[in-house]
file start.cif (mmCIF, C-alpha atoms)
data_target
loop_
_atom_site.label_atom_id
_atom_site.label_comp_id
_atom_site.auth_asym_id
_atom_site.auth_seq_id
_atom_site.Cartn_x
_atom_site.Cartn_y
_atom_site.Cartn_z
CA MET A 1 5.00 78.65 85.53
CA PRO A 2 6.14 82.29 85.62
CA ARG A 3 9.18 82.99 87.80
CA LEU A 4 7.53 85.22 90.35
CA THR A 5 10.15 84.90 93.09
CA ASP A 6 12.95 82.54 91.98
CA ASP A 7 16.04 83.59 89.97
CA VAL A 8 14.29 86.68 88.67
CA ARG A 9 17.66 88.40 88.11
CA ILE A 10 19.53 85.41 86.66
CA GLY A 11 19.83 85.80 82.90
CA ASN A 12 21.84 82.71 81.98
CA ALA A 13 23.48 79.56 83.34
CA ARG A 14 26.27 77.38 82.00
CA PRO A 15 27.56 73.96 83.08
CA LEU A 16 30.70 74.09 85.22
CA ILE A 17 33.41 71.45 84.96
CA THR A 18 33.96 69.48 88.17
CA PRO A 19 37.28 69.53 90.05
CA TRP A 20 37.61 65.76 89.59
CA VAL A 21 37.27 65.97 85.81
CA LEU A 22 39.76 68.83 85.60
CA ALA A 23 42.26 66.88 87.70
CA GLU A 24 41.78 63.86 85.43
CA GLU A 25 42.55 66.02 82.39
CA LEU A 26 45.50 67.76 84.09
CA PRO A 27 46.76 65.33 86.75
CA LEU A 28 49.35 66.05 89.40
CA PRO A 29 52.24 63.58 89.00
CA ALA A 30 53.37 61.92 92.23
CA ALA A 31 56.88 63.35 92.06
CA LEU A 32 55.54 66.88 91.61
CA GLY A 33 53.16 66.34 94.52
CA GLU A 34 56.11 65.40 96.73
CA GLN A 35 57.92 68.55 95.57
CA ILE A 36 54.93 70.74 96.52
CA ALA A 37 54.60 69.05 99.91
CA ALA A 38 58.31 69.71 100.52
CA ALA A 39 57.91 73.36 99.51
CA ARG A 40 55.04 73.74 101.97
CA ARG A 41 57.23 72.31 104.73
CA SER A 42 60.05 74.70 103.82
CA ILE A 43 57.69 77.69 103.94
CA GLU A 44 56.32 76.53 107.28
CA ASN A 45 59.85 76.10 108.67
CA ILE A 46 60.73 79.67 107.69
CA LEU A 47 57.55 81.10 109.19
CA GLU A 48 58.03 79.06 112.36
CA HIS A 49 61.64 80.28 112.78
CA ARG A 50 63.12 76.83 112.14
CA ASP A 51 64.85 78.08 108.98
CA SER A 52 66.79 81.36 109.00
CA ARG A 53 65.92 82.21 105.41
CA VAL A 54 63.14 84.64 104.45
CA LEU A 55 60.33 84.11 101.94
CA ALA A 56 60.36 86.28 98.82
CA ILE A 57 56.90 86.08 97.24
CA VAL A 58 57.40 87.78 93.89
CA GLY A 59 55.34 88.14 90.74
CA PRO A 60 52.69 90.08 88.86
CA CYS A 61 49.69 91.63 90.57
CA SER A 62 47.58 89.15 88.60
CA VAL A 63 48.07 86.66 85.78
CA HIS A 64 46.60 87.65 82.42
CA ASP A 65 49.13 86.07 80.04
CA PRO A 66 50.36 82.59 81.05
CA GLN A 67 53.23 82.70 78.55
CA ALA A 68 54.59 85.94 80.01
CA LEU A 69 54.19 84.59 83.55
CA LEU A 70 56.21 81.49 82.70
CA GLU A 71 58.97 83.57 81.15
CA PHE A 72 59.02 85.66 84.32
CA ALA A 73 59.12 82.46 86.39
CA ARG A 74 62.11 81.06 84.48
CA ARG A 75 64.04 84.29 84.84
CA LEU A 76 63.17 84.63 88.53
CA ARG A 77 64.30 81.06 89.12
CA GLU A 78 67.69 81.74 87.59
CA LEU A 79 68.04 85.07 89.36
CA CYS A 80 67.41 83.47 92.76
CA ARG A 81 69.68 80.44 92.43
CA PRO A 82 72.70 82.19 94.00
CA LEU A 83 70.48 83.70 96.72
CA GLU A 84 68.79 80.55 97.99
CA ASP A 85 70.96 80.29 101.09
CA ALA A 86 69.19 83.45 102.28
CA ILE A 87 65.78 83.62 100.57
CA LEU A 88 63.21 81.11 99.37
CA PRO A 89 61.61 82.42 96.16
CA VAL A 90 57.88 81.81 95.75
CA LEU A 91 56.08 82.88 92.60
CA ARG A 92 53.02 85.05 92.99
CA VAL A 93 50.34 83.38 90.83
CA TYR A 94 47.10 85.27 91.41
CA PHE A 95 44.15 84.26 89.22
CA GLU A 96 41.39 86.35 90.80
CA LYS A 97 41.30 90.12 91.09
CA PRO A 98 39.02 91.66 93.73
CA ARG A 99 37.41 94.83 92.39
CA THR A 100 36.34 97.87 94.37
CA VAL A 101 33.42 98.37 91.95
CA VAL A 102 33.81 96.67 88.55
CA GLY A 103 36.60 95.64 86.20
CA TRP A 104 38.45 92.61 84.87
CA LYS A 105 38.08 89.88 87.50
CA GLY A 106 41.05 87.72 86.61
CA LEU A 107 42.20 84.87 84.42
CA ILE A 108 39.74 82.31 85.75
CA ASN A 109 36.69 84.53 85.39
CA ASP A 110 37.56 86.09 82.04
CA PRO A 111 40.54 84.32 80.41
CA ASP A 112 39.96 85.95 77.01
CA LEU A 113 39.99 89.49 78.49
CA ASP A 114 36.83 90.34 76.54
CA GLY A 115 33.92 89.87 78.93
CA SER A 116 33.06 86.40 77.58
CA PHE A 117 33.58 84.80 81.01
CA ARG A 118 34.66 81.37 79.80
CA ILE A 119 35.26 80.16 83.32
CA ASN A 120 35.77 76.51 82.39
CA HIS A 121 38.60 77.58 80.08
CA GLY A 122 39.96 79.82 82.81
CA LEU A 123 40.07 76.93 85.26
CA HIS A 124 41.96 74.82 82.72
CA LEU A 125 44.47 77.63 82.20
CA ALA A 126 44.93 78.15 85.93
CA ARG A 127 45.66 74.50 86.62
CA GLN A 128 48.01 74.21 83.65
CA VAL A 129 49.90 77.35 84.71
CA LEU A 130 50.42 75.99 88.21
CA LEU A 131 51.64 72.66 86.86
CA ASP A 132 54.10 74.48 84.60
CA VAL A 133 55.34 76.76 87.39
CA ASN A 134 55.93 73.85 89.74
CA ARG A 135 57.77 71.94 87.02
CA LEU A 136 60.18 74.87 86.87
CA GLY A 137 60.99 74.24 90.52
CA LEU A 138 59.23 77.31 91.93
CA PRO A 139 56.63 77.06 94.70
CA ALA A 140 53.43 78.97 93.90
CA ALA A 141 51.45 81.40 96.04
CA SER A 142 47.85 82.31 95.27
CA GLU A 143 45.01 84.25 96.84
CA PHE A 144 41.73 82.43 97.44
CA LEU A 145 38.87 84.77 96.61
CA ASP A 146 36.08 82.54 95.31
CA THR A 147 35.44 79.95 98.02
CA THR A 148 34.93 77.03 95.59
CA PHE A 149 37.67 77.58 92.98
CA GLY A 150 40.32 76.24 95.36
CA GLN A 151 38.95 72.73 94.85
CA TYR A 152 40.23 72.94 91.27
CA TYR A 153 43.88 73.79 91.93
CA ALA A 154 44.75 74.08 95.65
CA ASP A 155 46.77 70.86 95.44
CA LEU A 156 49.29 72.83 93.33
CA VAL A 157 49.64 75.83 95.68
CA SER A 158 52.35 76.03 98.36
CA PHE A 159 51.24 79.26 100.04
CA GLY A 160 47.72 80.66 100.22
CA ALA A 161 46.53 84.17 100.96
CA ILE A 162 43.31 85.72 102.21
CA GLY A 163 43.07 89.29 100.99
CA ALA A 164 42.40 92.56 102.76
CA ARG A 165 38.83 92.75 101.47
CA THR A 166 37.90 89.23 102.60
CA VAL A 167 39.87 88.84 105.83
CA GLU A 168 36.76 89.70 107.86
CA SER A 169 34.61 87.23 105.91
CA GLN A 170 33.50 84.23 107.95
CA VAL A 171 33.35 81.97 104.90
CA HIS A 172 36.96 82.79 103.99
CA ARG A 173 38.11 82.03 107.51
CA GLU A 174 36.30 78.70 107.27
CA LEU A 175 37.90 78.06 103.89
CA ALA A 176 41.37 78.81 105.28
CA SER A 177 40.76 76.40 108.15
CA GLY A 178 40.60 73.56 105.62
CA LEU A 179 43.42 74.56 103.25
CA SER A 180 46.38 72.18 103.11
CA MET A 181 49.12 74.82 103.00
CA PRO A 182 50.33 77.77 105.11
CA VAL A 183 48.02 80.78 104.71
CA GLY A 184 48.75 84.49 105.07
CA PHE A 185 46.01 86.87 106.20
CA LYS A 186 46.34 90.49 105.15
CA ASN A 187 45.38 93.30 107.47
CA ALA A 188 42.16 95.11 106.51
CA THR A 189 42.18 97.82 103.83
CA THR A 190 42.04 100.38 106.66
CA GLY A 191 45.27 98.96 108.09
CA ASP A 192 43.60 97.28 111.07
CA ILE A 193 45.65 94.20 112.03
CA GLY A 194 43.16 93.06 114.67
CA VAL A 195 40.76 91.56 112.14
CA ALA A 196 43.61 89.60 110.54
CA ILE A 197 44.70 88.24 113.92
CA ASP A 198 41.09 87.26 114.59
CA ALA A 199 41.05 85.48 111.23
CA ILE A 200 44.23 83.56 112.08
CA ARG A 201 42.70 82.50 115.38
CA SER A 202 39.43 81.47 113.75
CA ALA A 203 41.16 79.43 111.03
CA ARG A 204 43.09 77.46 113.65
CA HIS A 205 39.79 75.91 114.72
CA GLY A 206 37.76 73.29 112.88
CA HIS A 207 34.57 74.40 111.12
CA TRP A 208 31.63 72.95 109.24
CA PHE A 209 30.84 74.86 106.04
CA PRO A 210 29.06 74.33 102.70
CA SER A 211 31.18 73.81 99.60
CA ILE A 212 31.53 71.30 96.78
CA THR A 213 33.33 67.96 96.67
CA LYS A 214 35.95 67.06 94.07
CA GLU A 215 33.12 65.34 92.19
CA GLY A 216 31.21 68.63 92.09
CA THR A 217 28.52 67.60 94.56
CA PRO A 218 27.25 70.19 97.03
CA ALA A 219 28.36 69.12 100.50
CA VAL A 220 28.95 70.30 104.03
CA LEU A 221 32.66 69.93 104.72
CA GLN A 222 34.30 69.59 108.12
CA SER A 223 37.75 71.13 108.49
CA THR A 224 40.21 70.18 111.20
CA GLY A 225 41.71 73.68 111.51
CA ASN A 226 44.85 75.21 110.02
CA PRO A 227 47.61 75.98 112.55
CA GLN A 228 49.74 77.60 109.84
CA GLY A 229 48.15 81.05 109.66
CA TYR A 230 50.33 84.17 109.49
CA LEU A 231 49.91 87.94 109.38
CA ILE A 232 50.64 89.95 106.26
CA LEU A 233 51.19 93.68 106.75
CA ARG A 234 50.06 95.64 103.69
CA GLY A 235 49.40 99.14 105.04
CA GLY A 236 46.02 100.80 104.98
CA SER A 237 43.88 103.81 104.16
CA ARG A 238 43.55 104.83 107.81
CA THR A 239 46.89 103.80 109.28
CA GLY A 240 49.09 104.50 106.28
CA PRO A 241 52.13 102.25 105.72
CA ASN A 242 52.83 99.70 108.45
CA TYR A 243 56.24 98.35 107.48
CA GLY A 244 58.26 100.62 109.78
CA ALA A 245 60.10 99.41 112.87
CA GLU A 246 57.42 100.53 115.31
CA ALA A 247 54.57 98.95 113.33
CA VAL A 248 56.46 95.68 112.88
CA HIS A 249 57.29 95.56 116.60
CA ASP A 250 53.68 96.29 117.58
CA ALA A 251 52.35 93.59 115.22
CA ALA A 252 54.77 91.01 116.63
CA VAL A 253 53.72 91.91 120.18
CA ALA A 254 50.03 91.66 119.24
CA LEU A 255 50.56 88.18 117.77
CA ALA A 256 52.48 87.00 120.82
CA GLY A 257 49.70 88.36 123.03
CA HIS A 258 47.38 85.80 121.44
CA GLU A 259 49.99 83.04 121.69
CA LEU A 260 50.50 83.12 117.92
CA PRO A 261 53.88 82.90 116.18
CA ALA A 262 55.55 86.33 116.02
CA SER A 263 56.05 85.91 112.28
CA LEU A 264 55.23 88.57 109.73
CA ILE A 265 55.19 88.84 105.96
CA VAL A 266 55.40 92.40 104.69
CA ASP A 267 53.66 93.30 101.45
CA CYS A 268 55.84 95.99 99.89
CA SER A 269 53.06 97.14 97.57
CA HIS A 270 49.47 98.30 98.15
CA GLY A 271 49.11 100.52 101.22
CA ASN A 272 52.78 100.17 102.12
CA SER A 273 53.89 101.67 98.82
CA GLU A 274 50.96 104.12 98.93
CA LYS A 275 50.06 102.83 95.45
CA ASN A 276 53.37 103.94 93.97
CA TYR A 277 55.01 100.75 92.75
CA ARG A 278 58.50 102.27 92.77
CA ARG A 279 58.29 102.84 96.51
CA GLN A 280 58.52 99.09 97.03
CA ALA A 281 62.28 99.68 97.02
CA GLU A 282 61.94 101.98 100.05
CA VAL A 283 60.02 99.28 101.90
CA ILE A 284 62.71 96.68 101.18
CA SER A 285 65.42 99.06 102.41
CA SER A 286 63.58 99.60 105.68
CA LEU A 287 63.03 95.87 106.18
CA CYS A 288 66.70 95.12 105.50
CA GLU A 289 67.72 97.69 108.09
CA GLN A 290 65.34 96.16 110.64
CA ILE A 291 66.62 92.65 109.93
CA GLU A 292 70.20 93.80 110.44
CA GLN A 293 69.18 95.45 113.69
CA GLY A 294 67.90 92.09 114.94
CA GLN A 295 64.18 92.11 114.13
CA ARG A 296 63.44 88.40 113.79
CA ALA A 297 59.68 88.71 113.22
CA ILE A 298 60.14 89.59 109.53
CA ARG A 299 59.88 86.20 107.87
CA GLY A 300 58.82 87.17 104.37
CA VAL A 301 58.25 89.90 101.82
CA MET A 302 55.86 90.32 98.90
CA LEU A 303 56.87 92.23 95.78
CA GLU A 304 54.70 93.02 92.77
CA SER A 305 56.95 92.51 89.76
CA HIS A 306 56.62 91.63 86.08
CA LEU A 307 58.78 91.60 82.95
CA VAL A 308 57.97 95.24 82.15
CA SER A 309 57.51 97.96 84.75
CA GLY A 310 54.29 99.89 85.32
CA ASN A 311 50.89 98.83 84.07
CA GLN A 312 48.61 99.33 81.07
CA PRO A 313 44.89 99.73 80.47
CA LEU A 314 42.82 96.87 79.12
CA THR A 315 41.14 98.48 76.11
CA ALA A 316 39.01 96.65 73.57
CA GLY A 317 40.76 96.44 70.21
CA SER A 318 44.14 97.61 71.53
CA ALA A 319 47.21 95.39 71.59
CA LEU A 320 48.80 94.75 74.98
CA THR A 321 52.45 95.21 75.84
CA TYR A 322 53.91 91.76 76.50
CA GLY A 323 54.84 91.18 80.12
CA GLN A 324 53.23 94.31 81.57
CA SER A 325 50.49 94.20 84.21
CA ILE A 326 46.90 95.09 83.34
CA THR A 327 46.01 95.57 87.01
CA ASP A 328 48.31 97.10 89.66
CA ALA A 329 51.58 98.60 88.46
CA CYS A 330 54.66 96.43 89.03
CA LEU A 331 58.41 96.79 89.16
CA SER A 332 60.23 95.20 86.26
CA LEU A 333 62.21 92.06 87.02
CA ASP A 334 65.39 94.02 86.29
CA GLU A 335 64.36 96.53 88.97
CA THR A 336 63.44 93.71 91.35
CA ALA A 337 66.74 91.84 91.08
CA PRO A 338 68.83 94.30 93.16
CA LEU A 339 66.12 94.37 95.84
CA LEU A 340 66.29 90.59 96.24
CA GLU A 341 70.08 90.78 96.34
CA GLN A 342 69.86 93.52 98.98
CA LEU A 343 67.49 91.39 101.05
CA ALA A 344 69.72 88.33 100.77
CA ALA A 345 72.76 90.36 101.81
CA ALA A 346 70.97 91.64 104.92
CA ILE A 347 69.99 88.13 105.93
CA ARG A 348 73.51 86.81 105.38
CA ARG A 349 74.94 89.53 107.60
CA THR A 350 72.73 88.32 110.47
CA ALA A 351 73.39 84.59 109.94
CA PRO A 352 74.79 82.80 112.99
#
call {"tool": "encode", "arguments": {"input": "start.cif", "output": "structure tokens"}}
result
Amino acid sequence: MPRLTDDVRIGNARPLITPWVLAEELPLPAALGEQIAAARRSIENILEHRDSRVLAIVGPCSVHDPQALLEFARRLRELCRPLEDAILPVLRVYFEKPRTVVGWKGLINDPDLDGSFRINHGLHLARQVLLDVNRLGLPAASEFLDTTFGQYYADLVSFGAIGARTVESQVHRELASGLSMPVGFKNATTGDIGVAIDAIRSARHGHWFPSITKEGTPAVLQSTGNPQGYLILRGGSRTGPNYGAEAVHDAAVALAGHELPASLIVDCSHGNSEKNYRRQAEVISSLCEQIEQGQRAIRGVMLESHLVSGNQPLTAGSALTYGQSITDACLSLDETAPLLEQLAAAIRRTAP
């Protein structure tokens, strides 16, 4: 029969591996699972003011080269060893890239960087990368963009994020309500923190929502609610940067007004750096000053950093510079090191 009304704009379909099969091929060893559970508890303790350290979520804007990411992870791990009394390093491992219009959508969607969209291969790579990162002793943070991909690798993630473009999405709030780790909600791209606070409140409640099971079967899942939701300040197009003392104070007051923990993570990039990656250093300096002046609401920072500073275009037929971002521009790890040391020093000076 001719397709008069059904799938008239679908040109192709491919089988998708199930989460259960992928986990069978790349299993999570029990000892590593215990390590991830402990990392989640440590992150929660910091965000709930039970641990005086601060989170440092550091890494590339997005993963396009697993080998380069793992080299970055090893170097970050060594860099942070003498700082761990003051900061808890968490590796930024972002597999999906939200696009304003079009562009490369991330390692899972297009692992070969050529528009072939071998998503099954991308899911394998993502799970393997997370296993490798955790084996290095680093907790991993990742943004959940597609609402089903988390079933393939969320067991390996210690901190989740809901981005500025999806924080108002009901399905992402429902997803966050069922995630097994602490979750950060970014303010909207305009800078509005109210929608992020609403998202935190929504995710604390249980929801029923459609998804897939580990076996790949469509199902309606019931979440029990996630009490570990936190605000990420990332600046905005309307408000401008929101990392300053007044903005941080106002955000903490707004959270307390809804009986939510007055705990903030500040994204030093995006709207707060006004899309100039080098200005992340200015953000860190301001946060350090606020911490030393007694601002206890700052419980974490996010830094976009890679092996090589800046970024590069993804051009067909052109070789890529190893360790340089193909999405947002990043600080080099060498440029990031003194910022982490500066942050650790500020925290030590306020230690009881």
call {"tool": "resolve_selection", "arguments": {"input": "start.cif", "expression": "the PyMOL selection byres ((chain A and resi 205-215) around 7)", "output": "list in words"}}
result
Thr18, Pro19, Trp20, Thr148, Gln151, Glu174, Ser177, Ser202, Ala203, Arg204, Gly216, Thr217, Pro218, Ala219, Val220, Leu221, Gln222, Ser223, Thr224, Gly225 and Asn226 of chain A
call {"tool": "closest_residue", "arguments": {"input": "start.cif", "among": "A:Met302, A:Leu79, A:Ala196, A:Leu287", "to": "Arg165 of chain A", "atoms": "all atoms listed in the file"}}
result
A:Ala196
call {"tool": "atom_distance", "arguments": {"input": "start.cif", "atom1": "atom CA of Val266 of chain A", "atom2": "atom CA of Ala245 of chain A"}}
result
11.8 Å
call {"tool": "atom_distance", "arguments": {"input": "start.cif", "atom1": "atom CA of Ala344 of chain A", "atom2": "atom CA of Arg92 of chain A"}}
result
18.7 Å
call {"tool": "residues_around", "arguments": {"input": "start.cif", "residues": "Gly115 of chain A", "least_positions_apart": "2", "cutoff": "12 Å", "atoms": "all atoms listed in the file", "output": "PyMOL selection string"}}
result
chain A and resi 102-113+117-119+314-316
call {"tool": "resolve_selection", "arguments": {"input": "start.cif", "expression": "the PyMOL selection byres ((chain A and resi 276) around 12)", "output": "list in words"}}
result
Pro241, Cys268, Ser269, His270, Gly271, Asn272, Ser273, Glu274, Lys275, Tyr277, Arg278, Arg279, Gln280, Ala281, Glu282, Val283, Glu304, Ser309, Gly310, Asn311, Asp328, Ala329, Cys330 and Leu331 of chain A
